[in-house]
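**Q** Quick one: the structure is below, questions incoming.
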Amino acid sequence: MTLPYTRQEMMAIATGREIRDGELAIFGVGLSMLAGYFAQAHHAPNVRAMTEGGVYGATPVGGLPWGIECNRISANATSFTSGLDALGCLVASGRCDVGIIGAAQVDRFGNVNTTGIWDGEIGDHYRPPKTRLTGAGGANDIACGAKRYLIMVAHEPKRFAETVTYVSSPGYLEGGDARARHGFVGGGPSAIITTLGILRPEAATKEFVLAGWYAFSSAEEIRANTGWELKIAPDAAPIPEPSDSELAALRTVDVTGALRKG
Amino acid sequence: MTLPYTRQEMMAIATGREIRDGELAIFGVGLSMLAGYFAQAHHAPNVRAMTEGGVYGATPVGGLPWGIECNRISANATSFTSGLDALGCLVASGRCDVGIIGAAQVDRFGNVNTTGIWDGEIGDHYRPPKTRLTGAGGANDIACGAKRYLIMVAHEPKRFAETVTYVSSPGYLEGGDARARHGFVGGGPSAIITTLGILRPEAATKEFVLAGWYAFSSAEEIRANTGWELKIAPDAAPIPEPSDSELAALRTVDVTGALRKG
Amino acid sequence: MASNKLISLAEAVRRTSRDGMQYASGAALPIGSDAVAFGRELLRQERRDLHAIFHCNSQQLNLLAGAGAVTRAECGFTGLEVFGFANGLRRAVESGALALEDYSNLAMALRLLGGAMNWPFVPATVNIGSDLQDRSAFEPDAYPSRTKIPTVTDPFSGRPVGALSPLKPDLAAIHVTLADPLGNAIMLGTEWSRFELSRAAKRVVLVADAIVDTACMRQFPNLVRIPDIVVEAVVHWPFAAWPQSSPGMYDVDEEHMRLMNKALATEEGTAQYRRDFVDGYADLDGYLAMIGAEKRASLSATATGFLLDPYRPWILPAEVVAQLQAEGGVS
Amino acid sequence: MASNKLISLAEAVRRTSRDGMQYASGAALPIGSDAVAFGRELLRQERRDLHAIFHCNSQQLNLLAGAGAVTRAECGFTGLEVFGFANGLRRAVESGALALEDYSNLAMALRLLGGAMNWPFVPATVNIGSDLQDRSAFEPDAYPSRTKIPTVTDPFSGRPVGALSPLKPDLAAIHVTLADPLGNAIMLGTEWSRFELSRAAKRVVLVADAIVDTACMRQFPNLVRIPDIVVEAVVHWPFAAWPQSSPGMYDVDEEHMRLMNKALATEEGTAQYRRDFVDGYADLDGYLAMIGAEKRASLSATATGFLLDPYRPWILPAEVVAQLQAEGGVS
């Protein structure tokens with residue numbers, strides 16, 4: 001099936017749809033920034049976007065930013081402050097409405113690993129990972145403090161584990177009300193948005209279940225690519241394809257076509 | 001006796017002599033600022049002076065500043081930051097070498113009251129003072145954090161109490177090593193400099209004793225104006241009169257002659 | 001795209017303040033930047049029973065306290081520096097009409113930082129071991145107080161350390177030199193704790209001496225320490241800090257500082273001051289006329305004037321600001 | 001009057017660094033402002049066994065780690081954003097040659113704030129409840145760790161909260177856009193945690209893209225977030241963050257970012273990179289020649305260039321800086 005859009009573009013649009021106008025939002029670099037600025041360009045013109053380092057009021061120029069504090073978003077910002085301000089005063093404080101983070105590995109309860117890949121469990125003695133990844137970065141702070149957050153991840157079996165090897169950023173931990181034990185001010189992940197569909201947490205157990213699939217995917221394909229016995233929500237449904245206006249808005253943001261290469 | 005300088009000027013010069021070149025120093029408004037900037041103009045050209053609000057690199061212009069963050073020191077500063085920076089990062093942290101504070105009431109162990117005057121003891125039930133003063137301001141932070149600090153006070157019996165009614169800024173508390181109980185990073189008051197002379201703490205007891213008197217005062221006059229049985233240090237001695245260069249430097253700083261009115 | 005938040009001072013006070021609220025203001029110590037004009041308007045609208053949170057006293061707190069509008073206050077320095085004791089505040093405290101909870105200047109800034117960070121408490125290496133810790137005007141029967149600045153044990157050293165309670169005022173009126181209509185602000189002179197306050201308060205109103213085009217903010221983003229996303233409303237009010245000073249804009253009005261503080265020393269004087277200088281103007285033009293053209297000119301001839309020079313090209317003319325304010329008020 | 005602190009990069013490294021020290025750097029995330037040139041000089045002078053404290057990884061840490069000069073590191077984000085994983089750091093971690101203690105980006109900033117304030121600990125509402133708290137590379141046998149981020153009880157609510165350990169690095173090399181010879185600094189772009197770092201570190205060296213007259217600081221004192229009183233030495237080094245970016249000055253060098261990270265993926269590549277880009281120049285002129293005139297011109301044609309405009313009149317010419325540096329070096 002040849003589509004007029006890529007799977008990456010579908011994921012970015014599905015993520016952007018989760019962002020509501022006027023919200024205070026924090027985006028990471030790459031896909032999550034494109035999803036966020038797509039929302040701003042399309043249906044959330046008053047989204048109040050910031051980056052981890054305290055760059056406010058900016059719209060990227062000249063292509064996909066190389067990093068979240070790079071010159072492509074420094075060129076038209078209205079305010080520069082600091083990491084303490086953005087991640088502390090505005091995110092960890094509980095003020096931020098929504099954040100978007102990525103994941104190398106995510107589990108049944110939305111816990112995220114971006115720290116490393118080990119051969120099996122780590123064990124009681126900490127040892128270096130076989131493959132070192134990017135660490136927690138600001139994602140842990142978003143996961144603890146944002147009112148809700150979105151996890152964007154490529155849907156591959158190795159990335160969807162029953163339990164992540166290392167919790168870099170807490171989802172619902174062991175599920176249920178486990179987050180309450182730590183007093184997190186943030187509400188936890190509201191959706192896992194993938195290249196194949198969307199998973200959302202069940203209200204009580206906080207187990208992530210299938211909420212929807214794209215025109216080019218199916219519940220079966222998603223279950224086959226998920227490392228746990230994925231349940232299907234009672235109201236699971238196909239996810240609308242990108243509209244013309246959505247696709248146009250996304251491509252205004254993604255001027256270099258980064259999402260069309262994947 | 002008519003002197004070529006006032007008692008206030010003598011006190012300011014005696015205070016300024018305590019400041020050494022290159023030190024990181026914090027001054028309050030009025031007398032203490034004049035004393036500090038006198039030191040800078042005279043013998044400590046490299047003193048690194050700041051105010052509580054984070055005004056750095058300034059020399060007052062146009063007369064005695066109205067306040068420690070006023071336009072007369074904002075006109076040629078090299079940096080403005082914040083109270084958190086100056087009082088927190090640079091003073092409470094223990095980095096500041098010397099501070100100068102004032103006192104409405106000071107006691108045998110160098111504890112300072114700037115909060116209020118009560119009729120007798122406050123008692124177990126807190127009640128408003130008969131006369132409300134200026135509160136602790138930044139002096140408490142200097143008293144807790146500065147490596148050492150100087151107390152400037154007019155020498156009158158009512159101001160020199162056996163025990164202050166209210167400890168706004170801690171000196172040596174009950175004396176000895178009482179400060180250690182609270183883990184203060186600062187060393188405590190190194191001198192009380194008055195309109196009549198200088199008191200310094202005994203090494204072990206931390207009781208303030210008479211260290212010196214001016215040309216126009218005497219040990220007897222000072223003892224008579226002190227509310228506790230003031231001891232005289234073994235090495236107590238007359239304090240040198242202002243030199244011509246000291247007086248000239250002070251008057252350069254005190255352009256409006258504030259110290260000559262007293 | 002953020003929206004135009006310019007509204008009138010009267011409207012800002014109507015929208016954001018209520019009796020009994022925790023109201024925070026104060027900026028660069030008793031003689032510097034402060035939204036004094038906002039305090040005047042609180043009195044004009046007869047706000048009462050305020051719980052004032054000032055990192056340090058100013059003529060605003062002095063006035064509000066002297067006028068009997070404040071029943072509780074948390075504060076650092078409570079004087080007026082070279083202008084002496086704050087007579088209005090003093091009178092309210094001494095009479096028992098106002099319970100004043102004492103902290104140091106740093107402690108107030110730390111408590112605002114704690115509110116901004118949403119910490120449960122802030123480690124205190126100051127204020128401990130003094131009557132700031134032991135005495136509480138809010139809980140007068142507790143002596144020594146164990147709740148005002150309680151003790152926690154440092155898990156690394158096992159040693160005790162104080163714990164300050166964070167502050168999250170209901171409303172902060174923050175004086176800034178320059179703001180754009182969206183709510184981005186530039187402060188000239190020390191920030192004191194305006195940065196922390198702007199993040200700690202539940203609602204923030206900026207009171208700006210001048211309004212600039214947003215292009216100014218894009219030219220100097222590192223100066224924009226208060227970004228629009230934390231601001232609810234912007235008020236344009238020249239000489240907003242008067243009789244205090246605003247670096248780059250105007251000097252302290254020595255004469256009025258003394259007149260005002262003298263008036264606040266008595267109930268009669270305070271009543272007279274309210275008639276003359278609080279209720280004595282109908283609008284901004286009336287306020288500026290009350291200060292007087294000659295006085296404004298002399299105060300504006302400040303040695304700090306050069307600090308404003310880089311931003312002057314972006315200052316919006318009065319008629320543009322008025323138009324924007326008319327639009328912002330209806331949004 | 002503060003003194004001229006301009007010295008050469010080689011002299012700054014000689015004076016302030018030693019094997020085994022806690023060395024802090026890093027600034028605006030992996031692609032932004034960072035004193036990368038200082039890291040190159042650390043390698044040129046064969047510093048070893050460094051304990052690196054970076055609020056987040058950069059090409060500097062990537063290089064130092066890849067070259068085997070770092071045995072311990074405390075860090076937030078450890079990648080290179082769109083440039084992928086940091087191969088030099090990764091190789092050192094995976095081989096076990098470098099123990100990497102993980103924190104979040106906010107936690108690193110908070111720990112520097114705690115060091116700046118000289119707090120015994122910093123309340124932690126982040127990093128708790130994850131393996132950042134439970135796993136310690138510095139104490140691998142403790143699982144779950146009870147010492148990395150221990151728990152304290154909030155005295156106000158009685159609820160548990162985490163406690164972060166403050167950081168006070170022995171040395172910080174801080175990249176700034178502009179510095180004056182006294183050590184006052186202006187940063188364009190986000191500060192990240194450079195403000196906190198400049199107060200937390202025991203010694204601070206500024207590495208500035210350009211040197212300005214102190215008159216610039218007096219015109220823009222609110223931009224001077226690092227005042228001279230906390231600075232020991234100032235180094236003038238254009239393109240100090242290369243191949244990373246410096247807002248207002250130059251863009252990221254995409255080509256070299258990729259070349260460098262590819263080289264650091266192997267020992268051989270790292271050795272070659274050292275020969276070519278660490279030991280491959282004798283002085284600043286050689287360094288600039290190594291980057292190349294054409295490349296420098298294209299990187300300098302940044303869309304952020306206008307951010308530098310207000311300060312250009314005060315930038316000191318190279319010969320004046322050289323003269324001041326010669327004088328500063330002997331003081």
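By convention here, the chains of the structure tokens are called A, B, ... in the order presented, each chain's residues are numbered starting at 1, and ligands are numbered starting at 1 in the order presented.
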Need to verify the contact set: segment 196-212 of chain C, 7 Å, only C-alpha atoms, exclusion of same-chain residues closer than 2 positions in sequence. Can you return it as a tab-separated table (two decimals) with all heavy atoms, in the first residue's frame?
**A**
```
chain	number	residue	atom	x	y	z
A	89	CYS	N	10.90	25.06	37.67
A	89	CYS	CA	9.76	25.93	38.01
A	89	CYS	C	8.52	25.60	37.18
A	89	CYS	O	7.41	25.78	37.65
A	89	CYS	CB	10.12	27.40	37.78
A	89	CYS	SG	11.48	27.99	38.80
C	35	ALA	N	5.52	47.60	42.56
C	35	ALA	CA	4.24	47.97	41.95
C	35	ALA	C	3.40	48.77	42.94
C	35	ALA	O	2.29	48.38	43.29
C	35	ALA	CB	3.52	46.71	41.48
C	112	LEU	N	10.09	31.72	48.26
C	112	LEU	CA	9.49	31.89	46.93
C	112	LEU	C	10.08	30.89	45.94
C	112	LEU	O	9.37	30.32	45.11
C	112	LEU	CB	9.70	33.33	46.43
C	112	LEU	CG	8.91	34.38	47.21
C	112	LEU	CD1	9.35	35.79	46.81
C	112	LEU	CD2	7.40	34.23	46.99
C	113	LEU	N	11.38	30.64	46.05
C	113	LEU	CA	12.00	29.62	45.21
C	113	LEU	C	11.35	28.26	45.48
C	113	LEU	O	11.05	27.50	44.55
C	113	LEU	CB	13.51	29.55	45.50
C	113	LEU	CG	14.27	28.44	44.77
C	113	LEU	CD1	14.34	28.71	43.26
C	113	LEU	CD2	15.68	28.28	45.34
C	115	GLY	N	8.36	27.71	46.53
C	115	GLY	CA	7.04	27.72	45.93
C	115	GLY	C	7.13	27.52	44.42
C	115	GLY	O	6.35	26.77	43.83
C	116	ALA	N	8.10	28.19	43.80
C	116	ALA	CA	8.29	28.07	42.35
C	116	ALA	C	8.61	26.64	41.95
C	116	ALA	O	8.13	26.13	40.95
C	116	ALA	CB	9.40	29.01	41.88
C	167	LEU	N	6.35	29.41	49.66
C	167	LEU	CA	5.28	30.40	49.48
C	167	LEU	C	4.69	30.28	48.07
C	167	LEU	O	5.43	30.20	47.10
C	167	LEU	CB	5.83	31.82	49.65
C	167	LEU	CG	6.23	32.24	51.06
C	167	LEU	CD1	7.01	33.54	51.02
C	167	LEU	CD2	5.00	32.38	51.95
C	168	LYS	N	3.37	30.28	48.00
C	168	LYS	CA	2.67	30.31	46.70
C	168	LYS	C	1.55	31.32	46.78
C	168	LYS	O	0.38	30.96	46.92
C	168	LYS	CB	2.10	28.93	46.37
C	168	LYS	CG	3.15	27.86	46.18
C	168	LYS	CD	2.48	26.54	45.86
C	168	LYS	CE	3.50	25.42	45.85
C	168	LYS	NZ	2.87	24.10	45.66
C	169	PRO	N	1.89	32.59	46.70
C	169	PRO	CA	0.87	33.64	46.86
C	169	PRO	C	-0.26	33.49	45.84
C	169	PRO	O	-0.03	33.03	44.72
C	169	PRO	CB	1.66	34.93	46.61
C	169	PRO	CG	3.09	34.57	46.73
C	169	PRO	CD	3.21	33.12	46.37
C	170	ASP	N	-1.45	33.89	46.23
C	170	ASP	CA	-2.58	33.86	45.30
C	170	ASP	C	-2.35	34.78	44.12
C	170	ASP	O	-2.74	34.48	43.00
C	170	ASP	CB	-3.86	34.30	46.03
C	170	ASP	CG	-4.26	33.33	47.11
C	170	ASP	OD1	-4.21	32.10	46.86
C	170	ASP	OD2	-4.60	33.78	48.23
C	171	LEU	N	-1.75	35.91	44.38
C	171	LEU	CA	-1.55	36.92	43.34
C	171	LEU	C	-0.22	37.63	43.59
C	171	LEU	O	0.12	37.95	44.73
C	171	LEU	CB	-2.68	37.95	43.39
C	171	LEU	CG	-2.52	39.20	42.51
C	171	LEU	CD1	-2.54	38.83	41.03
C	171	LEU	CD2	-3.61	40.23	42.82
C	172	ALA	N	0.49	37.88	42.50
C	172	ALA	CA	1.67	38.73	42.57
C	172	ALA	C	1.51	39.89	41.59
C	172	ALA	O	1.17	39.67	40.42
C	172	ALA	CB	2.94	37.94	42.21
C	173	ALA	N	1.70	41.11	42.08
C	173	ALA	CA	1.78	42.28	41.20
C	173	ALA	C	3.25	42.64	41.14
C	173	ALA	O	3.86	43.00	42.14
C	173	ALA	CB	0.96	43.44	41.76
C	174	ILE	N	3.82	42.50	39.95
C	174	ILE	CA	5.27	42.64	39.79
C	174	ILE	C	5.59	43.86	38.95
C	174	ILE	O	5.14	43.96	37.79
C	174	ILE	CB	5.88	41.37	39.17
C	174	ILE	CG1	5.57	40.16	40.07
C	174	ILE	CG2	7.38	41.53	38.96
C	174	ILE	CD1	6.14	38.85	39.55
C	175	HIS	N	6.37	44.76	39.52
C	175	HIS	CA	6.81	45.92	38.77
C	175	HIS	C	7.97	45.55	37.86
C	175	HIS	O	8.93	44.91	38.30
C	175	HIS	CB	7.26	47.04	39.71
C	175	HIS	CG	7.76	48.25	38.98
C	175	HIS	ND1	9.10	48.54	38.84
C	175	HIS	CD2	7.09	49.21	38.31
C	175	HIS	CE1	9.23	49.65	38.13
C	175	HIS	NE2	8.04	50.08	37.80
C	176	VAL	N	7.86	45.94	36.59
C	176	VAL	CA	8.95	45.73	35.64
C	176	VAL	C	9.17	47.03	34.88
C	176	VAL	O	8.27	47.87	34.80
C	176	VAL	CB	8.64	44.58	34.66
C	176	VAL	CG1	8.45	43.26	35.41
C	176	VAL	CG2	7.41	44.88	33.80
C	177	THR	N	10.36	47.17	34.34
C	177	THR	CA	10.66	48.37	33.58
C	177	THR	C	9.89	48.36	32.27
C	177	THR	O	9.22	49.34	31.92
C	177	THR	CB	12.17	48.43	33.29
C	177	THR	OG1	12.89	48.02	34.45
C	177	THR	CG2	12.59	49.83	32.89
C	178	LEU	N	9.99	47.25	31.55
C	178	LEU	CA	9.40	47.13	30.22
C	178	LEU	C	8.64	45.82	30.09
C	178	LEU	O	9.13	44.78	30.54
C	178	LEU	CB	10.53	47.15	29.16
C	178	LEU	CG	11.50	48.33	29.18
C	178	LEU	CD1	12.68	48.06	28.25
C	178	LEU	CD2	10.79	49.62	28.79
C	179	ALA	N	7.48	45.90	29.47
C	179	ALA	CA	6.75	44.68	29.14
C	179	ALA	C	6.22	44.81	27.73
C	179	ALA	O	6.00	45.93	27.25
C	179	ALA	CB	5.60	44.46	30.11
C	180	ASP	N	6.02	43.68	27.05
C	180	ASP	CA	5.32	43.75	25.79
C	180	ASP	C	3.86	43.37	26.06
C	180	ASP	O	3.52	42.93	27.16
C	180	ASP	CB	6.01	42.89	24.71
C	180	ASP	CG	5.83	41.40	24.91
C	180	ASP	OD1	5.08	40.99	25.82
C	180	ASP	OD2	6.45	40.62	24.16
C	181	PRO	N	2.99	43.57	25.08
C	181	PRO	CA	1.57	43.29	25.34
C	181	PRO	C	1.28	41.82	25.65
C	181	PRO	O	0.25	41.52	26.24
C	181	PRO	CB	0.89	43.72	24.03
C	181	PRO	CG	1.82	44.72	23.42
C	181	PRO	CD	3.19	44.22	23.76
C	193	SER	N	13.73	39.33	44.13
C	193	SER	CA	13.18	37.98	43.99
C	193	SER	C	12.01	37.97	43.02
C	193	SER	O	11.14	37.12	43.13
C	193	SER	CB	12.77	37.43	45.36
C	193	SER	OG	11.95	38.36	46.02
C	194	ARG	N	12.01	38.89	42.06
C	194	ARG	CA	10.90	38.94	41.12
C	194	ARG	C	10.85	37.72	40.22
C	194	ARG	O	9.79	37.28	39.81
C	194	ARG	CB	10.97	40.24	40.29
C	194	ARG	CG	10.54	41.45	41.10
C	194	ARG	CD	10.66	42.74	40.29
C	194	ARG	NE	12.04	43.20	40.22
C	194	ARG	CZ	12.41	44.28	39.56
C	194	ARG	NH1	11.51	45.01	38.91
C	194	ARG	NH2	13.68	44.66	39.55
C	214	THR	N	7.10	43.55	20.85
C	214	THR	CA	7.70	42.23	21.09
C	214	THR	C	9.04	42.07	20.38
C	214	THR	O	9.89	41.28	20.81
C	214	THR	CB	6.71	41.12	20.68
C	214	THR	OG1	5.54	41.26	21.50
C	214	THR	CG2	7.29	39.73	20.90
C	216	CYS	N	11.43	43.89	20.60
C	216	CYS	CA	12.46	44.20	21.62
C	216	CYS	C	12.85	42.94	22.37
C	216	CYS	O	14.02	42.72	22.68
C	216	CYS	CB	11.92	45.27	22.57
C	216	CYS	SG	13.09	45.81	23.84
C	226	ILE	N	11.06	37.21	32.80
C	226	ILE	CA	9.68	36.78	33.02
C	226	ILE	C	9.04	36.60	31.65
C	226	ILE	O	8.75	37.58	30.96
C	226	ILE	CB	8.90	37.80	33.86
C	226	ILE	CG1	9.61	38.05	35.20
C	226	ILE	CG2	7.47	37.30	34.11
C	226	ILE	CD1	8.90	39.04	36.11
C	230	VAL	N	3.90	32.82	31.97
C	230	VAL	CA	3.53	32.81	33.39
C	230	VAL	C	2.73	34.06	33.77
C	230	VAL	O	2.45	34.28	34.94
C	230	VAL	CB	4.77	32.68	34.32
C	230	VAL	CG1	5.51	31.39	34.03
C	230	VAL	CG2	5.70	33.88	34.20
C	231	VAL	N	2.35	34.86	32.77
C	231	VAL	CA	1.73	36.16	33.06
C	231	VAL	C	0.27	36.17	32.61
C	231	VAL	O	-0.05	35.74	31.50
C	231	VAL	CB	2.52	37.28	32.34
C	231	VAL	CG1	1.80	38.62	32.45
C	231	VAL	CG2	3.92	37.38	32.94
C	232	GLU	N	-0.58	36.70	33.47
C	232	GLU	CA	-2.01	36.75	33.16
C	232	GLU	C	-2.43	38.10	32.58
C	232	GLU	O	-3.32	38.17	31.73
C	232	GLU	CB	-2.80	36.48	34.44
C	232	GLU	CG	-4.29	36.65	34.29
C	232	GLU	CD	-5.05	36.12	35.49
C	232	GLU	OE1	-4.48	35.34	36.27
C	232	GLU	OE2	-6.22	36.50	35.66
C	233	ALA	N	-1.85	39.17	33.08
C	233	ALA	CA	-2.26	40.50	32.63
C	233	ALA	C	-1.08	41.46	32.69
C	233	ALA	O	-0.16	41.29	33.49
C	233	ALA	CB	-3.40	41.03	33.48
C	234	VAL	N	-1.13	42.45	31.80
C	234	VAL	CA	-0.10	43.48	31.75
C	234	VAL	C	-0.77	44.84	31.92
C	234	VAL	O	-1.74	45.15	31.23
C	234	VAL	CB	0.64	43.46	30.39
C	234	VAL	CG1	1.71	44.55	30.34
C	234	VAL	CG2	1.24	42.09	30.13
C	235	VAL	N	-0.23	45.62	32.84
C	235	VAL	CA	-0.75	46.96	33.08
C	235	VAL	C	0.33	47.97	32.71
C	235	VAL	O	1.48	47.82	33.12
C	235	VAL	CB	-1.15	47.14	34.56
C	235	VAL	CG1	-1.46	48.61	34.86
C	235	VAL	CG2	-2.34	46.26	34.89
C	236	HIS	N	-0.05	48.98	31.94
C	236	HIS	CA	0.87	50.06	31.62
C	236	HIS	C	0.63	51.20	32.60
C	236	HIS	O	-0.47	51.76	32.65
C	236	HIS	CB	0.64	50.54	30.18
C	236	HIS	CG	1.47	51.73	29.83
C	236	HIS	ND1	0.95	52.90	29.35
C	236	HIS	CD2	2.81	51.92	29.90
C	236	HIS	CE1	1.93	53.77	29.14
C	236	HIS	NE2	3.06	53.20	29.47
C	237	TRP	N	1.65	51.57	33.36
C	237	TRP	CA	1.47	52.61	34.37
C	237	TRP	C	2.82	53.30	34.61
C	237	TRP	O	3.61	52.87	35.43
C	237	TRP	CB	0.94	51.99	35.68
C	237	TRP	CG	0.29	53.01	36.56
C	237	TRP	CD1	0.87	53.67	37.61
C	237	TRP	CD2	-1.06	53.48	36.50
C	237	TRP	NE1	-0.03	54.53	38.18
C	237	TRP	CE2	-1.23	54.44	37.52
C	237	TRP	CE3	-2.15	53.20	35.67
C	237	TRP	CZ2	-2.44	55.11	37.74
C	237	TRP	CZ3	-3.34	53.85	35.88
C	237	TRP	CH2	-3.49	54.80	36.91
C	238	PRO	N	3.06	54.37	33.86
C	238	PRO	CA	4.32	55.10	34.06
C	238	PRO	C	4.44	55.57	35.51
C	238	PRO	O	3.43	55.88	36.15
C	238	PRO	CB	4.19	56.28	33.10
C	238	PRO	CG	3.17	55.87	32.09
C	238	PRO	CD	2.23	54.96	32.81
C	239	PHE	N	5.64	55.61	36.00
C	239	PHE	CA	5.89	55.98	37.40
C	239	PHE	C	5.13	55.06	38.36
C	239	PHE	O	4.66	55.49	39.41
C	239	PHE	CB	5.55	57.46	37.66
C	239	PHE	CG	6.52	58.42	37.04
C	239	PHE	CD1	6.37	58.85	35.74
C	239	PHE	CD2	7.64	58.85	37.76
C	239	PHE	CE1	7.30	59.71	35.15
C	239	PHE	CE2	8.57	59.71	37.19
C	239	PHE	CZ	8.39	60.13	35.88
C	240	ALA	N	5.07	53.79	37.98
C	240	ALA	CA	4.33	52.82	38.79
C	240	ALA	C	4.96	52.62	40.16
C	240	ALA	O	4.29	52.23	41.12
C	240	ALA	CB	4.24	51.49	38.06
C	314	TRP	N	12.01	50.75	20.86
C	314	TRP	CA	10.86	49.84	20.80
C	314	TRP	C	9.70	50.28	21.70
C	314	TRP	O	8.68	49.61	21.75
C	314	TRP	CB	11.29	48.43	21.20
C	314	TRP	CG	12.06	47.72	20.14
C	314	TRP	CD1	11.57	47.12	19.03
C	314	TRP	CD2	13.49	47.51	20.11
C	314	TRP	NE1	12.59	46.55	18.30
C	314	TRP	CE2	13.77	46.77	18.93
C	314	TRP	CE3	14.55	47.88	20.95
C	314	TRP	CZ2	15.07	46.39	18.59
C	314	TRP	CZ3	15.83	47.49	20.60
C	314	TRP	CH2	16.09	46.76	19.42
C	315	ILE	N	9.90	51.35	22.45
C	315	ILE	CA	8.82	51.78	23.35
C	315	ILE	C	7.64	52.28	22.53
C	315	ILE	O	7.79	53.10	21.63
C	315	ILE	CB	9.33	52.87	24.33
C	315	ILE	CG1	10.37	52.27	25.28
C	315	ILE	CG2	8.16	53.48	25.11
C	315	ILE	CD1	10.98	53.25	26.27
C	316	LEU	N	6.47	51.75	22.84
C	316	LEU	CA	5.28	52.10	22.06
C	316	LEU	C	4.71	53.42	22.54
C	316	LEU	O	4.65	53.68	23.75
C	316	LEU	CB	4.23	50.99	22.19
C	316	LEU	CG	4.63	49.62	21.62
C	316	LEU	CD1	3.54	48.59	21.89
C	316	LEU	CD2	4.93	49.70	20.14
```
**Q** At a cut-off of 9 Å, using only C-alpha atoms, what residues contact segment 1-13 of chain C? Leave out same-chain residues fewer than 4 positions from it and give the result as an MDAnalysis selection string.
**A** (chainID A and resid 22 40 45:48 57) or (chainID C and resid 17:18 37:38 41:42 44:45 180:183 205 207 228:229 231:237 283:284 321:322 324:331)
**Q** Could you tell me, as a PyMOL selection string, which residues of segment 52-298 of chain D DSSP assigns to strand (DSSP E or B) when given the backbone?
**A** chain D and resi 52-54+70-75+79+85+99-102+122-124+151-153+160-164+171-179+185-186+192+204-212+224-226+233-236+246+250
**Q** Give one line per residue of chain C that approaches chain D to at most 8 Å, naming the two atoms of the closest pair and their distance in Å to one decimal, counting only C-alpha atoms; sort by chain then ascending residue number and deliver it as a Markdown table.
**A**
```
| residue | atom | partner | partner_atom | distance |
| --- | --- | --- | --- | --- |
| C:Trp119 | CA | D:Pro123 | CA | 6.6 |
| C:Pro120 | CA | D:Asp154 | CA | 6.4 |
| C:Phe121 | CA | D:Asp154 | CA | 6.8 |
| C:Val122 | CA | D:Pro123 | CA | 7.2 |
| C:Pro123 | CA | D:Trp119 | CA | 6.6 |
| C:Ala124 | CA | D:Trp119 | CA | 7.8 |
| C:Thr125 | CA | D:Trp119 | CA | 7.2 |
| C:Thr147 | CA | D:Phe156 | CA | 7.7 |
| C:Pro150 | CA | D:Pro155 | CA | 6.5 |
| C:Thr151 | CA | D:Pro155 | CA | 7.2 |
| C:Val152 | CA | D:Pro155 | CA | 6.6 |
| C:Thr153 | CA | D:Val152 | CA | 7.3 |
| C:Asp154 | CA | D:Pro120 | CA | 6.4 |
| C:Pro155 | CA | D:Pro150 | CA | 6.5 |
| C:Phe156 | CA | D:Pro120 | CA | 7.4 |
| C:Ser157 | CA | D:Pro120 | CA | 7.7 |
| C:Ala163 | CA | D:Pro155 | CA | 7.5 |
| C:Ser165 | CA | D:Phe156 | CA | 7.8 |
| C:Met187 | CA | D:Asn222 | CA | 7.8 |
| C:Leu188 | CA | D:Asn222 | CA | 6.4 |
| C:Gly189 | CA | D:Asn222 | CA | 6.6 |
| C:Thr190 | CA | D:Asn222 | CA | 7.4 |
| C:Gln219 | CA | D:Leu307 | CA | 5.9 |
| C:Phe220 | CA | D:Leu307 | CA | 7.1 |
| C:Pro221 | CA | D:Gly189 | CA | 7.8 |
| C:Asn222 | CA | D:Leu188 | CA | 6.4 |
| C:Leu223 | CA | D:Leu223 | CA | 6.3 |
| C:Phe306 | CA | D:Gln219 | CA | 7.4 |
| C:Leu307 | CA | D:Gln219 | CA | 5.9 |
| C:Pro310 | CA | D:Pro310 | CA | 7.8 |
```
**Q** Give me, as number ranges by chain, the contact residues of chain B against chain D at a cut-off of 10 Å, counting only C-alpha atoms.
**A** B: 22-24, 40-41, 44-50, 54-59, 74-82, 84-85, 87-95, 145, 185
**Q** Suppose you want the space between atom CA of Asp141 of chain D and atom CA of Glu162 of chain A; what is it in Å?
**A** 25.4 Å
**Q** With only C-alpha atoms as the counted atoms, please give the residues lying no more than 12 Å from Glu268 of chain D, apart from itself and same-chain residues fewer than 5 positions off, as a list in words.
**A**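 Skipping anything fewer than 5 positions along the chain leaves Gly66, Ala67, Gly88, Lys262, Ala263, Tyr273, Arg274 and Arg275 of chain D.
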